[in-house]
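Text of the file input.csv, holding CSV, C-alpha atoms and all ligand atoms:
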chain,number,residue,atom,x,y,z
A,195,MET,CA,-220.7,-94.9,-47.1
A,196,LEU,CA,-221.8,-91.6,-48.7
A,197,ILE,CA,-221.6,-91.0,-52.4
A,198,ALA,CA,-221.9,-87.4,-53.8
A,199,LEU,CA,-223.9,-87.7,-57.0
A,200,LEU,CA,-223.2,-84.8,-59.3
A,201,PRO,CA,-225.1,-85.4,-62.6
A,202,GLY,CA,-224.4,-82.0,-64.2
A,203,ASP,CA,-225.4,-81.1,-67.7
A,204,GLY,CA,-226.4,-82.6,-71.1
A,205,ILE,CA,-226.0,-86.4,-71.1
A,206,GLY,CA,-224.6,-86.2,-67.6
A,207,PRO,CA,-227.9,-87.0,-65.8
A,208,GLU,CA,-228.8,-89.7,-68.4
A,209,VAL,CA,-225.6,-91.7,-67.9
A,210,ILE,CA,-225.6,-91.1,-64.1
A,211,ARG,CA,-229.1,-92.6,-63.9
A,212,GLU,CA,-227.9,-95.9,-65.4
A,213,ALA,CA,-224.8,-96.0,-63.2
A,214,ARG,CA,-227.1,-95.5,-60.1
A,215,ARG,CA,-229.3,-98.4,-61.1
A,216,VAL,CA,-226.3,-100.6,-61.5
A,217,LEU,CA,-224.9,-99.5,-58.1
A,218,ASP,CA,-228.2,-100.1,-56.4
A,219,ALA,CA,-228.3,-103.6,-57.8
A,220,VAL,CA,-224.8,-104.4,-56.8
A,221,CYS,CA,-224.3,-102.5,-53.5
A,222,GLY,CA,-227.9,-102.1,-52.2
A,223,ASP,CA,-227.9,-100.3,-48.8
A,224,ALA,CA,-224.2,-100.3,-48.4
A,225,LEU,CA,-224.1,-97.0,-50.1
A,226,SER,CA,-226.2,-93.9,-49.6
A,227,TYR,CA,-226.4,-90.9,-51.9
A,228,GLU,CA,-226.8,-87.2,-51.8
A,229,GLU,CA,-227.3,-85.4,-55.1
A,230,ALA,CA,-226.3,-81.8,-55.9
A,231,LEU,CA,-226.3,-79.3,-58.7
A,232,VAL,CA,-223.1,-78.7,-60.7
A,233,GLY,CA,-222.2,-77.0,-64.0
A,234,ALA,CA,-224.7,-75.1,-66.1
A,235,ALA,CA,-227.5,-76.6,-64.1
A,236,ALA,CA,-226.1,-75.0,-60.9
A,237,TYR,CA,-225.3,-71.7,-62.6
A,238,ARG,CA,-228.9,-71.4,-63.8
A,239,ALA,CA,-230.4,-72.3,-60.4
A,240,GLU,CA,-227.9,-70.6,-58.1
A,241,GLY,CA,-225.7,-68.3,-60.2
A,242,HIS,CA,-222.5,-70.4,-59.7
A,243,PRO,CA,-221.3,-73.6,-61.4
A,244,LEU,CA,-219.9,-75.0,-58.2
A,245,PRO,CA,-222.2,-73.8,-55.3
A,246,SER,CA,-220.7,-74.0,-51.8
A,247,ALA,CA,-223.3,-76.6,-50.9
A,248,THR,CA,-222.1,-78.8,-53.7
A,249,LEU,CA,-218.4,-78.3,-52.7
A,250,ASP,CA,-219.3,-79.1,-49.1
A,251,LEU,CA,-221.0,-82.3,-50.1
A,252,ALA,CA,-218.1,-83.3,-52.2
A,253,LYS,CA,-215.8,-82.8,-49.2
A,254,ARG,CA,-218.0,-84.7,-46.9
A,255,ALA,CA,-218.7,-87.7,-49.1
A,256,ASP,CA,-216.6,-90.8,-49.2
A,257,ALA,CA,-216.5,-90.6,-53.0
A,258,ILE,CA,-217.9,-88.5,-55.8
A,259,LEU,CA,-219.6,-89.8,-58.9
A,260,PHE,CA,-219.7,-87.1,-61.6
A,261,GLY,CA,-221.6,-87.0,-64.9
A,262,ALA,CA,-220.4,-84.2,-67.1
A,263,VAL,CA,-220.6,-80.4,-67.3
A,264,GLY,CA,-220.8,-78.0,-70.2
A,265,ASP,CA,-223.5,-76.1,-72.1
A,266,PRO,CA,-223.1,-74.2,-75.3
A,267,GLY,CA,-225.5,-71.6,-73.9
A,268,CYS,CA,-222.8,-70.7,-71.3
A,269,ASP,CA,-219.8,-70.3,-73.6
A,270,GLY,CA,-220.2,-66.5,-73.5
A,271,LEU,CA,-220.1,-66.2,-69.7
A,272,ALA,CA,-217.2,-64.8,-67.8
A,273,ARG,CA,-214.6,-67.7,-67.4
A,274,HIS,CA,-215.2,-68.1,-63.6
A,275,LEU,CA,-218.9,-68.7,-64.2
A,276,ARG,CA,-218.6,-71.3,-67.0
A,277,PRO,CA,-219.8,-74.9,-66.3
A,278,GLU,CA,-216.3,-76.3,-66.8
A,279,GLN,CA,-215.0,-74.4,-63.8
A,280,ALA,CA,-217.0,-76.8,-61.6
A,281,ILE,CA,-214.9,-79.8,-62.5
A,282,LEU,CA,-211.7,-77.8,-62.4
A,283,GLY,CA,-212.7,-76.3,-59.0
A,284,LEU,CA,-213.5,-79.8,-57.6
A,285,ARG,CA,-210.1,-81.2,-58.7
A,286,LYS,CA,-208.3,-78.2,-57.2
A,287,GLU,CA,-210.3,-77.7,-54.0
A,288,LEU,CA,-210.1,-81.4,-53.1
A,289,SER,CA,-206.4,-81.8,-54.2
A,290,LEU,CA,-207.5,-84.4,-56.7
A,291,PHE,CA,-204.3,-84.4,-58.7
A,292,ALA,CA,-204.0,-87.9,-60.1
A,293,ASN,CA,-206.3,-88.7,-63.0
A,294,LEU,CA,-206.2,-92.3,-64.0
A,295,ARG,CA,-207.7,-93.0,-67.4
A,296,PRO,CA,-207.5,-96.7,-68.4
A,297,ALA,CA,-208.0,-97.5,-72.1
A,298,LYS,CA,-208.6,-101.2,-72.8
A,299,LEU,CA,-210.4,-102.7,-75.7
A,300,PHE,CA,-213.3,-105.0,-74.8
A,301,PRO,CA,-212.6,-107.8,-77.4
A,302,GLU,CA,-216.1,-107.6,-78.7
A,303,LEU,CA,-215.5,-104.0,-79.7
A,304,ALA,CA,-212.5,-104.6,-82.0
A,305,ASP,CA,-214.7,-103.5,-85.0
A,306,ALA,CA,-215.8,-100.3,-83.3
A,307,SER,CA,-212.3,-99.0,-82.9
A,308,ALA,CA,-211.1,-96.4,-85.5
A,309,LEU,CA,-208.0,-98.6,-85.8
A,310,ARG,CA,-207.7,-101.9,-87.7
A,311,PRO,CA,-208.9,-104.7,-85.3
A,312,GLU,CA,-205.4,-106.3,-85.1
A,313,VAL,CA,-203.9,-103.0,-84.0
A,314,ALA,CA,-206.8,-102.1,-81.7
A,315,ARG,CA,-206.8,-105.5,-79.9
A,316,ALA,CA,-203.4,-104.7,-78.3
A,317,ILE,CA,-204.5,-101.6,-76.5
A,318,ASP,CA,-204.4,-102.0,-72.7
A,319,LEU,CA,-202.9,-98.9,-71.1
A,320,VAL,CA,-203.5,-96.3,-68.4
A,321,ILE,CA,-202.9,-92.6,-68.8
A,322,VAL,CA,-201.9,-91.0,-65.5
A,323,ARG,CA,-202.7,-87.4,-66.0
A,324,GLU,CA,-201.8,-84.6,-63.6
A,325,THR,CA,-204.9,-82.5,-62.8
A,326,ASN,CA,-203.9,-79.7,-60.4
A,327,GLY,CA,-201.4,-77.7,-62.4
A,328,ASP,CA,-200.1,-76.9,-65.8
A,329,VAL,CA,-201.4,-74.3,-68.2
A,330,TYR,CA,-204.9,-75.0,-66.8
A,331,PHE,CA,-204.2,-73.2,-63.5
A,332,GLY,CA,-201.5,-70.6,-64.4
A,333,GLU,CA,-202.1,-66.9,-64.7
A,334,LYS,CA,-204.3,-66.2,-67.7
A,335,GLY,CA,-206.1,-63.3,-69.3
A,336,MET,CA,-206.7,-61.0,-72.2
A,337,ARG,CA,-204.5,-57.9,-72.6
A,338,THR,CA,-203.6,-55.4,-75.2
A,339,THR,CA,-200.1,-55.4,-76.8
A,340,PRO,CA,-198.1,-52.1,-77.1
A,341,ASN,CA,-199.3,-51.8,-80.7
A,342,GLY,CA,-202.9,-52.1,-79.7
A,343,ARG,CA,-203.6,-55.7,-80.7
A,344,ARG,CA,-205.7,-58.0,-78.4
A,345,GLN,CA,-203.7,-60.8,-76.9
A,346,GLY,CA,-204.8,-63.9,-74.9
A,347,TYR,CA,-202.3,-65.6,-72.6
A,348,ASP,CA,-202.1,-68.6,-70.3
A,349,VAL,CA,-199.0,-69.4,-68.3
A,350,MET,CA,-197.8,-73.0,-68.3
A,351,SER,CA,-195.8,-74.1,-65.3
A,352,TYR,CA,-195.1,-77.0,-63.0
A,353,ASP,CA,-193.0,-76.9,-59.8
A,354,GLU,CA,-190.9,-79.9,-58.8
A,355,ASP,CA,-193.1,-81.1,-56.0
A,356,GLU,CA,-196.1,-81.3,-58.3
A,357,VAL,CA,-194.0,-83.4,-60.8
A,358,VAL,CA,-192.7,-85.7,-58.0
A,359,ARG,CA,-196.1,-86.6,-56.7
A,360,ILE,CA,-197.6,-87.4,-60.1
A,361,ALA,CA,-194.4,-89.2,-61.2
A,362,ARG,CA,-194.7,-91.5,-58.1
A,363,VAL,CA,-198.3,-92.3,-59.0
A,364,GLY,CA,-197.1,-93.2,-62.5
A,365,PHE,CA,-194.3,-95.5,-61.2
A,366,GLU,CA,-196.7,-97.1,-58.7
A,367,THR,CA,-199.3,-97.7,-61.4
A,368,ALA,CA,-196.7,-99.3,-63.6
A,369,ARG,CA,-195.5,-101.4,-60.8
A,370,ALA,CA,-199.0,-102.8,-60.3
A,371,ARG,CA,-199.3,-103.5,-64.0
A,372,GLY,CA,-196.7,-104.3,-66.7
A,373,GLY,CA,-193.7,-102.5,-65.2
A,374,LYS,CA,-193.4,-100.0,-68.1
A,375,LEU,CA,-193.7,-96.2,-67.7
A,376,CYS,CA,-193.6,-93.7,-70.6
A,377,SER,CA,-193.4,-90.1,-69.6
A,378,VAL,CA,-194.8,-87.8,-72.2
A,379,ASP,CA,-193.6,-84.2,-72.5
A,380,LYS,CA,-192.4,-81.5,-75.0
A,381,ALA,CA,-189.0,-81.0,-73.5
A,382,ASN,CA,-187.5,-80.2,-76.9
A,383,VAL,CA,-189.4,-76.9,-76.7
A,384,LEU,CA,-190.9,-76.2,-73.3
A,385,GLU,CA,-189.0,-75.4,-70.1
A,386,THR,CA,-192.0,-76.7,-68.1
A,387,SER,CA,-191.4,-80.0,-69.8
A,388,GLN,CA,-187.6,-80.0,-69.3
A,389,LEU,CA,-188.2,-79.7,-65.5
A,390,TRP,CA,-190.8,-82.5,-65.8
A,391,ARG,CA,-188.4,-84.8,-67.5
A,392,ASP,CA,-185.5,-84.0,-65.1
A,393,VAL,CA,-187.7,-84.7,-62.1
A,394,VAL,CA,-189.2,-87.9,-63.5
A,395,ILE,CA,-185.6,-89.1,-64.0
A,396,GLU,CA,-184.7,-88.2,-60.4
A,397,VAL,CA,-187.8,-90.0,-59.1
A,398,SER,CA,-186.9,-93.1,-61.2
A,399,ALA,CA,-184.0,-93.7,-58.8
A,400,ASP,CA,-186.6,-95.2,-56.4
A,401,TYR,CA,-188.1,-97.4,-59.1
A,402,SER,CA,-185.3,-99.4,-60.6
A,403,ASP,CA,-187.7,-102.2,-61.3
A,404,ILE,CA,-189.7,-100.0,-63.7
A,405,ALA,CA,-188.6,-99.5,-67.4
A,406,LEU,CA,-188.9,-95.8,-67.9
A,407,SER,CA,-189.0,-94.1,-71.3
A,408,HIS,CA,-189.6,-90.6,-72.5
A,409,MET,CA,-191.6,-89.5,-75.5
A,410,TYR,CA,-192.5,-86.1,-77.0
A,411,VAL,CA,-196.2,-85.6,-77.1
A,412,ASP,CA,-196.4,-85.2,-80.9
A,413,ASN,CA,-194.8,-88.6,-81.3
A,414,ALA,CA,-196.9,-90.1,-78.6
A,415,ALA,CA,-200.1,-89.0,-80.4
A,416,MET,CA,-198.7,-90.7,-83.5
A,417,GLN,CA,-197.6,-93.9,-81.7
A,418,LEU,CA,-201.0,-94.2,-80.0
A,419,VAL,CA,-202.5,-94.7,-83.4
A,420,ARG,CA,-199.7,-96.6,-85.0
A,421,ASN,CA,-199.1,-99.2,-82.2
A,422,PRO,CA,-201.1,-98.5,-78.9
A,423,GLY,CA,-200.0,-102.0,-77.6
A,424,GLN,CA,-196.5,-100.6,-76.9
A,425,PHE,CA,-197.8,-98.6,-74.0
A,426,ASP,CA,-198.4,-99.8,-70.4
A,427,VAL,CA,-198.6,-96.6,-68.3
A,428,ILE,CA,-198.3,-93.1,-69.7
A,429,VAL,CA,-197.6,-90.3,-67.2
A,430,THR,CA,-198.1,-86.7,-68.5
A,431,GLY,CA,-199.3,-83.2,-67.7
A,432,ASN,CA,-202.7,-81.9,-67.5
A,433,LEU,CA,-203.1,-80.6,-71.1
A,434,PHE,CA,-201.3,-83.4,-72.9
A,435,GLY,CA,-203.2,-85.9,-70.8
A,436,ASP,CA,-206.5,-84.4,-71.7
A,437,ILE,CA,-205.8,-84.6,-75.4
A,438,LEU,CA,-204.2,-88.0,-75.5
A,439,SER,CA,-207.0,-89.6,-73.4
A,440,ASP,CA,-209.7,-88.6,-75.9
A,441,GLN,CA,-207.5,-90.0,-78.6
A,442,ALA,CA,-206.9,-93.3,-76.7
A,443,SER,CA,-210.7,-93.7,-76.2
A,444,MET,CA,-211.3,-93.9,-79.9
A,445,CYS,CA,-208.5,-96.5,-80.3
A,446,ALA,CA,-210.5,-98.5,-77.7
A,447,GLY,CA,-213.8,-98.2,-79.4
A,448,SER,CA,-215.5,-95.0,-78.3
A,449,ILE,CA,-215.3,-92.0,-76.1
A,450,GLY,CA,-218.5,-93.4,-74.5
A,451,MET,CA,-216.4,-96.3,-73.1
A,452,LEU,CA,-213.6,-94.7,-71.1
A,453,PRO,CA,-214.0,-94.2,-67.3
A,454,SER,CA,-211.7,-92.3,-65.0
A,455,ALA,CA,-210.7,-91.8,-61.4
A,456,THR,CA,-209.2,-88.6,-60.1
A,457,LEU,CA,-207.5,-89.3,-56.7
A,458,ASP,CA,-206.0,-87.3,-53.9
A,459,ALA,CA,-203.0,-88.4,-51.9
A,460,ALA,CA,-205.3,-90.6,-49.7
A,461,ASN,CA,-207.2,-92.2,-52.6
A,462,LYS,CA,-210.3,-90.2,-52.0
A,463,GLY,CA,-211.6,-89.8,-55.5
A,464,LEU,CA,-213.9,-88.3,-58.1
A,465,TYR,CA,-215.1,-90.7,-60.7
A,466,GLU,CA,-216.3,-89.6,-64.1
A,467,PRO,CA,-216.5,-90.7,-67.7
A,468,ILE,CA,-213.8,-88.9,-69.7
A,469,HIS,CA,-216.4,-87.5,-72.1
A,470,GLY,CA,-218.3,-84.3,-71.8
A,471,SER,CA,-221.9,-83.3,-71.8
A,472,ALA,CA,-222.4,-84.2,-75.5
A,473,PRO,CA,-225.0,-81.4,-76.3
A,474,ASP,CA,-225.4,-82.8,-79.8
A,475,ILE,CA,-227.1,-86.0,-78.5
A,476,ALA,CA,-228.4,-84.8,-75.1
A,477,GLY,CA,-232.0,-85.7,-74.3
A,478,GLN,CA,-232.3,-88.3,-77.1
A,479,GLY,CA,-231.5,-91.5,-75.2
A,480,LYS,CA,-228.5,-92.1,-77.4
A,481,ALA,CA,-225.7,-91.7,-74.9
A,482,ASN,CA,-223.5,-94.6,-74.1
A,483,PRO,CA,-223.7,-95.1,-70.2
A,484,LEU,CA,-220.9,-97.6,-70.0
A,485,ALA,CA,-218.1,-95.1,-69.3
A,486,THR,CA,-220.0,-93.9,-66.3
A,487,ILE,CA,-221.0,-97.4,-65.2
A,488,LEU,CA,-217.3,-98.4,-65.5
A,489,SER,CA,-216.4,-95.3,-63.5
A,490,SER,CA,-218.6,-96.4,-60.7
A,491,ALA,CA,-216.7,-99.7,-60.7
A,492,MET,CA,-213.5,-97.8,-60.4
A,493,MET,CA,-215.0,-95.9,-57.4
A,494,LEU,CA,-215.8,-99.2,-55.6
A,495,ARG,CA,-212.3,-100.5,-56.3
A,496,TYR,CA,-210.2,-97.4,-55.5
A,497,SER,CA,-212.1,-95.5,-52.8
A,498,LEU,CA,-214.6,-97.9,-51.2
A,499,GLY,CA,-212.7,-101.2,-50.8
A,500,MET,CA,-215.3,-103.1,-52.8
A,501,ALA,CA,-213.2,-104.9,-55.4
A,502,ALA,CA,-215.4,-107.9,-55.7
A,503,GLU,CA,-218.4,-105.6,-56.5
A,504,ALA,CA,-216.3,-103.7,-59.0
A,505,ASP,CA,-215.4,-107.0,-60.7
A,506,ARG,CA,-219.1,-107.9,-61.0
A,507,ILE,CA,-219.9,-104.6,-62.7
A,508,GLU,CA,-217.0,-104.9,-65.2
A,509,ALA,CA,-218.0,-108.5,-66.0
A,510,ALA,CA,-221.6,-107.4,-66.5
A,511,VAL,CA,-220.5,-104.7,-68.9
A,512,ALA,CA,-218.4,-107.3,-70.9
A,513,ALA,CA,-221.4,-109.6,-70.9
A,514,ALA,CA,-223.8,-106.9,-72.2
A,515,LEU,CA,-221.4,-106.2,-75.0
A,516,ALA,CA,-220.9,-109.9,-75.7
A,517,ALA,CA,-224.7,-110.2,-76.0
A,518,GLY,CA,-224.5,-107.7,-78.8
A,519,HIS,CA,-225.9,-104.5,-77.3
A,520,ARG,CA,-224.4,-101.4,-78.9
A,521,THR,CA,-225.3,-97.8,-78.4
A,522,ALA,CA,-225.0,-95.5,-81.5
A,523,ASP,CA,-221.4,-94.5,-80.8
A,524,LEU,CA,-220.6,-98.2,-81.1
A,525,GLY,CA,-222.5,-98.6,-84.3
A,526,GLY,CA,-225.7,-99.9,-82.9
A,527,GLY,CA,-229.2,-98.8,-82.0
A,528,THR,CA,-229.4,-99.6,-78.2
A,529,SER,CA,-230.7,-96.7,-76.2
A,530,THR,CA,-229.1,-95.4,-73.0
A,531,GLY,CA,-231.7,-97.1,-70.8
A,532,ALA,CA,-231.7,-100.3,-72.7
A,533,MET,CA,-227.9,-100.5,-72.3
A,534,GLY,CA,-228.4,-100.1,-68.6
A,535,ASP,CA,-231.1,-102.8,-68.7
A,536,ALA,CA,-228.6,-105.1,-70.5
A,537,VAL,CA,-226.0,-104.6,-67.8
A,538,LEU,CA,-228.6,-105.2,-65.1
A,539,ALA,CA,-229.7,-108.4,-66.8
A,540,ALA,CA,-226.1,-109.6,-67.0
A,541,LEU,CA,-225.8,-109.0,-63.2
B,1,LIG,P1,-218.0,-84.4,-75.7
B,1,LIG,O1,-217.1,-85.4,-75.1
B,1,LIG,O2,-219.1,-83.9,-74.9
B,1,LIG,O3,-218.5,-84.9,-77.1
B,1,LIG,C1,-217.7,-85.2,-78.2
B,1,LIG,C2,-218.4,-86.1,-79.2
B,1,LIG,O4,-218.5,-87.4,-78.6
B,1,LIG,C3,-219.8,-85.7,-79.5
B,1,LIG,O5,-220.2,-86.0,-80.8
B,1,LIG,C4,-220.7,-86.6,-78.5
B,1,LIG,O6,-222.0,-86.8,-79.0
B,1,LIG,C5,-219.9,-87.8,-78.4
B,1,LIG,N1,-220.0,-88.5,-77.1
B,1,LIG,C6,-219.5,-88.1,-75.9
B,1,LIG,N2,-219.9,-88.9,-75.0
B,1,LIG,C7,-220.7,-89.8,-75.5
B,1,LIG,C8,-221.4,-90.9,-75.0
B,1,LIG,N3,-221.3,-91.2,-73.6
B,1,LIG,N4,-222.1,-91.7,-75.8
B,1,LIG,C9,-222.1,-91.4,-77.1
B,1,LIG,N5,-221.5,-90.4,-77.7
B,1,LIG,C10,-220.7,-89.6,-76.9
B,1,LIG,O7,-217.0,-83.2,-76.1
B,1,LIG,P2,-217.3,-81.7,-76.7
B,1,LIG,O8,-218.4,-81.8,-77.7
B,1,LIG,O9,-216.0,-81.2,-77.1
B,1,LIG,O10,-217.8,-80.9,-75.4
B,1,LIG,C11,-219.2,-80.7,-75.1
B,1,LIG,C12,-219.2,-80.0,-73.7
B,1,LIG,O11,-218.8,-80.8,-72.7
B,1,LIG,C13,-218.4,-78.7,-73.7
B,1,LIG,O12,-219.0,-77.8,-72.9
B,1,LIG,C14,-217.1,-79.2,-72.9
B,1,LIG,O13,-216.5,-78.2,-72.2
B,1,LIG,C15,-217.7,-80.2,-72.0
B,1,LIG,N6,-216.8,-81.2,-71.5
B,1,LIG,C16,-217.0,-81.6,-70.2
B,1,LIG,C17,-216.2,-82.6,-69.6
B,1,LIG,C18,-216.4,-83.0,-68.2
B,1,LIG,O14,-217.4,-82.7,-67.6
B,1,LIG,N7,-215.5,-83.7,-67.6
B,1,LIG,C19,-215.3,-83.3,-70.5
B,1,LIG,C20,-215.2,-82.9,-71.8
B,1,LIG,C21,-215.9,-81.9,-72.3
B,2,LIG,C1,-211.9,-83.6,-69.2
B,2,LIG,C2,-212.5,-82.3,-69.7
B,2,LIG,C3,-212.1,-81.1,-68.8
B,2,LIG,C4,-210.6,-81.0,-68.9
B,2,LIG,C5,-212.8,-79.8,-69.1
B,2,LIG,C6,-214.3,-79.9,-69.2
B,2,LIG,C7,-212.4,-78.7,-68.2
B,2,LIG,O1,-212.1,-82.1,-71.0
B,2,LIG,O2,-212.1,-83.9,-68.0
B,2,LIG,O3,-211.2,-84.3,-69.9
B,2,LIG,O4,-210.0,-80.3,-69.8
B,2,LIG,O5,-209.9,-81.5,-68.0
B,3,MN,MN,-211.2,-83.8,-71.9

In structure tokens, how does this file's structure come out?
Amino acid sequence: MLIALLPGDGIGPEVIREARRVLDAVCGDALSYEEALVGAAAYRAEGHPLPSATLDLAKRADAILFGAVGDPGCDGLARHLRPEQAILGLRKELSLFANLRPAKLFPELADASALRPEVARAIDLVIVRETNGDVYFGEKGMRTTPNGRRQGYDVMSYDEDEVVRIARVGFETARARGGKLCSVDKANVLETSQLWRDVVIEVSADYSDIALSHMYVDNAAMQLVRNPGQFDVIVTGNLFGDILSDQASMCAGSIGMLPSATLDAANKGLYEPIHGSAPDIAGQGKANPLATILSSAMMLRYSLGMAAEADRIEAAVAAALAAGHRTADLGGGTSTGAMGDAVLAAL
């Protein structure tokens, strides 16, 4: 099976290197790899953040393992040339609409969470985030108002088919877990959210075994910190899911710990840590590679039918943490490579 390896920018190549070592140890020759440029690295080499060769590889591969994109030196480029367009383009071009972001606290990390240990210990949830629509992909631009002032605008919208398909992923995810689904929206203000809520309720007719609730996103942000243990599965739109997943990561210890899978309707997927390119620590050997290593485990489980191998990787991560290894984001001094070594040793 062919893996498209897209390391990207900043700490992306550093964390992908460790994930690759772990995959080699666990899967050996069962997987083959082709690497391609993406993000600022691709823009600098080829003038575009998502070159056609990279997109072709992503389409051809059985799964995609992605590091991170983003470079402060590119923030002044025209929007379509910025590194972030690579990940947005991959999600859209490959119809990767269902972004699963599990947040679970490894018990050894209770002290690393920003929450009190007894509150943090309860966190075990999945955010199901839609990634093909919303304000991310609506009409946007800069214009001038009639009185000559500059105005930026981004249109937020969802059509009912988009909501139906992500709602189904939310219900199915809840069915495979604790049977509870919380749909997060802003229906008290936004028409986009009113449609979202109406459609989620319509879809719930097919899932009478699932306990459905609704929550406004501002309250959800508060509840995630107050009592994250109340959530099983959260289904939400692209923008709200982006924000809530970074927040959930800190409840579960660190942004360096959270993996993700972004799936199409046939479970082909792109796998990536939820964090970015972390320019502030890039090149210093400080990055936590565990989110990417855990993303590779999700890849084995969801797209490649290798659940036993995924279990082995997750157990090795737990063992490395139990042995006391901590990167800086977890309050320790373990380097990126030494954390990879610790996972390999546990294997
Ligand atoms: P970020 O996630 O890159 O970093 C936020 C903070 O968390 C930084 O202090 C960073 O050092 C820390 N951090 C992140 N990952 C870490 C890890 N694995 N180990 C230890 N510490 C880690 O977010 P940002 O600073 O807002 O964005 C930086 C760039 O990354 C921007 O260009 C942004 O657009 C991009 N970005 C890309 C992705 C992606 O590729 N999917 C996701 C988020 C942000
Ligand atoms: C993420 C990132 C991306 C997003 C950016 C880099 C486009 O923040 O994957 O969480 O907003 O989806
Ligand atoms: Mn994000």

Pull the closest atom pair for each residue of chain A that gets at most 10 Å from ligand MN 3 (chain B), along with the distance in Å to one decimal, counting only C-alpha atoms and all ligand atoms, ordering rows by chain and then ascending residue number, as JSON lines.
{"residue": "A:Asn432", "atom": "CA", "partner": "B:MN3", "partner_atom": "MN", "distance": 9.8}
{"residue": "A:Leu433", "atom": "CA", "partner": "B:MN3", "partner_atom": "MN", "distance": 8.7}
{"residue": "A:Phe434", "atom": "CA", "partner": "B:MN3", "partner_atom": "MN", "distance": 10.0}
{"residue": "A:Gly435", "atom": "CA", "partner": "B:MN3", "partner_atom": "MN", "distance": 8.3}
{"residue": "A:Asp436", "atom": "CA", "partner": "B:MN3", "partner_atom": "MN", "distance": 4.7}
{"residue": "A:Ile437", "atom": "CA", "partner": "B:MN3", "partner_atom": "MN", "distance": 6.5}
{"residue": "A:Leu438", "atom": "CA", "partner": "B:MN3", "partner_atom": "MN", "distance": 8.9}
{"residue": "A:Ser439", "atom": "CA", "partner": "B:MN3", "partner_atom": "MN", "distance": 7.3}
{"residue": "A:Asp440", "atom": "CA", "partner": "B:MN3", "partner_atom": "MN", "distance": 6.4}
{"residue": "A:Gln441", "atom": "CA", "partner": "B:MN3", "partner_atom": "MN", "distance": 9.8}
{"residue": "A:Pro467", "atom": "CA", "partner": "B:MN3", "partner_atom": "MN", "distance": 9.7}
{"residue": "A:Ile468", "atom": "CA", "partner": "B:MN3", "partner_atom": "MN", "distance": 6.1}
{"residue": "A:His469", "atom": "CA", "partner": "B:MN3", "partner_atom": "MN", "distance": 6.4}
{"residue": "A:Gly470", "atom": "CA", "partner": "B:MN3", "partner_atom": "MN", "distance": 7.1}

Test item: residues at most 9 Å from range 363-372 of chain A, all atoms listed in the file, excluding those fewer than 6 positions along its chain, as JSON, numbers by chain: {"A": [292, 320, 321, 322, 323, 397, 398, 401, 403, 404, 405, 406, 426, 427, 428, 429, 430]}

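Distances here use only C-alpha atoms and all ligand atoms; by that measure, the residue among A:Asp523, A:Asp305, A:Asp223, A:Asp256 closest to ligand LIG 1 (chain B) is A:Asp523.
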
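Near Arg215 in chain A, within a cut-off of 10 Å and counting only C-alpha atoms, sit the residues A:Ile210, A:Arg211, A:Ala219, A:Val220, A:Cys221, A:Gly222, A:Ile487, A:Gly534, A:Asp535, A:Val537, A:Leu538, with same-chain residues fewer than 4 positions away left out.
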
Could you work out how far CA of Met492 in chain A lies from CA of Ser454 in chain A, giving the answer in Å with one decimal? 7.4 Å

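Going from CA of Thr248 in chain A to CA of Ala230 in chain A covers 5.6 Å.
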
I'd like the neighbourhood of range 333-345 of chain A as a VMD selection string, where a residue qualifies if any of its atoms comes within 12 Å (using all atoms listed in the file), though same-chain residues fewer than 4 positions away should be ignored. chain A and resid 272 to 274 327 to 329 349 to 351

Applying 10 Å and only C-alpha atoms, which residues near Ala213 in chain A remain after dropping the ones on its own chain fewer than 2 positions away? List them as a PyMOL selection string. chain A and resi 207-211+215-219+259+261+483-491+507+534+537

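Remark: for ligand LIG 2 (chain B), the closest of the candidate residues A:Pro243, A:Gly531, A:Pro277, A:Gly202 is A:Pro277 (distances computed over only C-alpha atoms and all ligand atoms).
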
Excluding Asn421 in chain A and residues on its chain fewer than 2 positions from it, collect all residues at most 9 Å away from it, counting all atoms listed in the file, and give them as a ChimeraX atom specification. /A:313-314,316-317,416-419,423-425

Pick out the closest residue to ligand LIG 1 (chain B) from this set: A:Tyr227, A:Phe260, A:Trp390, A:Tyr347. Count all atoms listed in the file. A:Phe260

What separates CA of Glu278 in chain A and atom C19 of ligand LIG 1 (chain B) is a distance of 8.0 Å

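Taking all atoms listed in the file into account, ligand LIG 1 (chain B) lies nearest to A:Arg285 out of the set A:Arg362, A:His242, A:Arg285, A:Arg391.
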
Taking all atoms listed in the file into account, which residues have an atom no farther than 6 Å from ligand LIG 1 (chain B)? I'd like them as a ChimeraX atom specification. /A:262-266,278,449-450,468-475,481-483,523

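Considering the residues A:Glu385, A:Asp269, A:Asp353, A:Asp412 and counting only C-alpha atoms and all ligand atoms, ligand LIG 2 (chain B) has its shortest atom-to-atom contact with A:Asp269.
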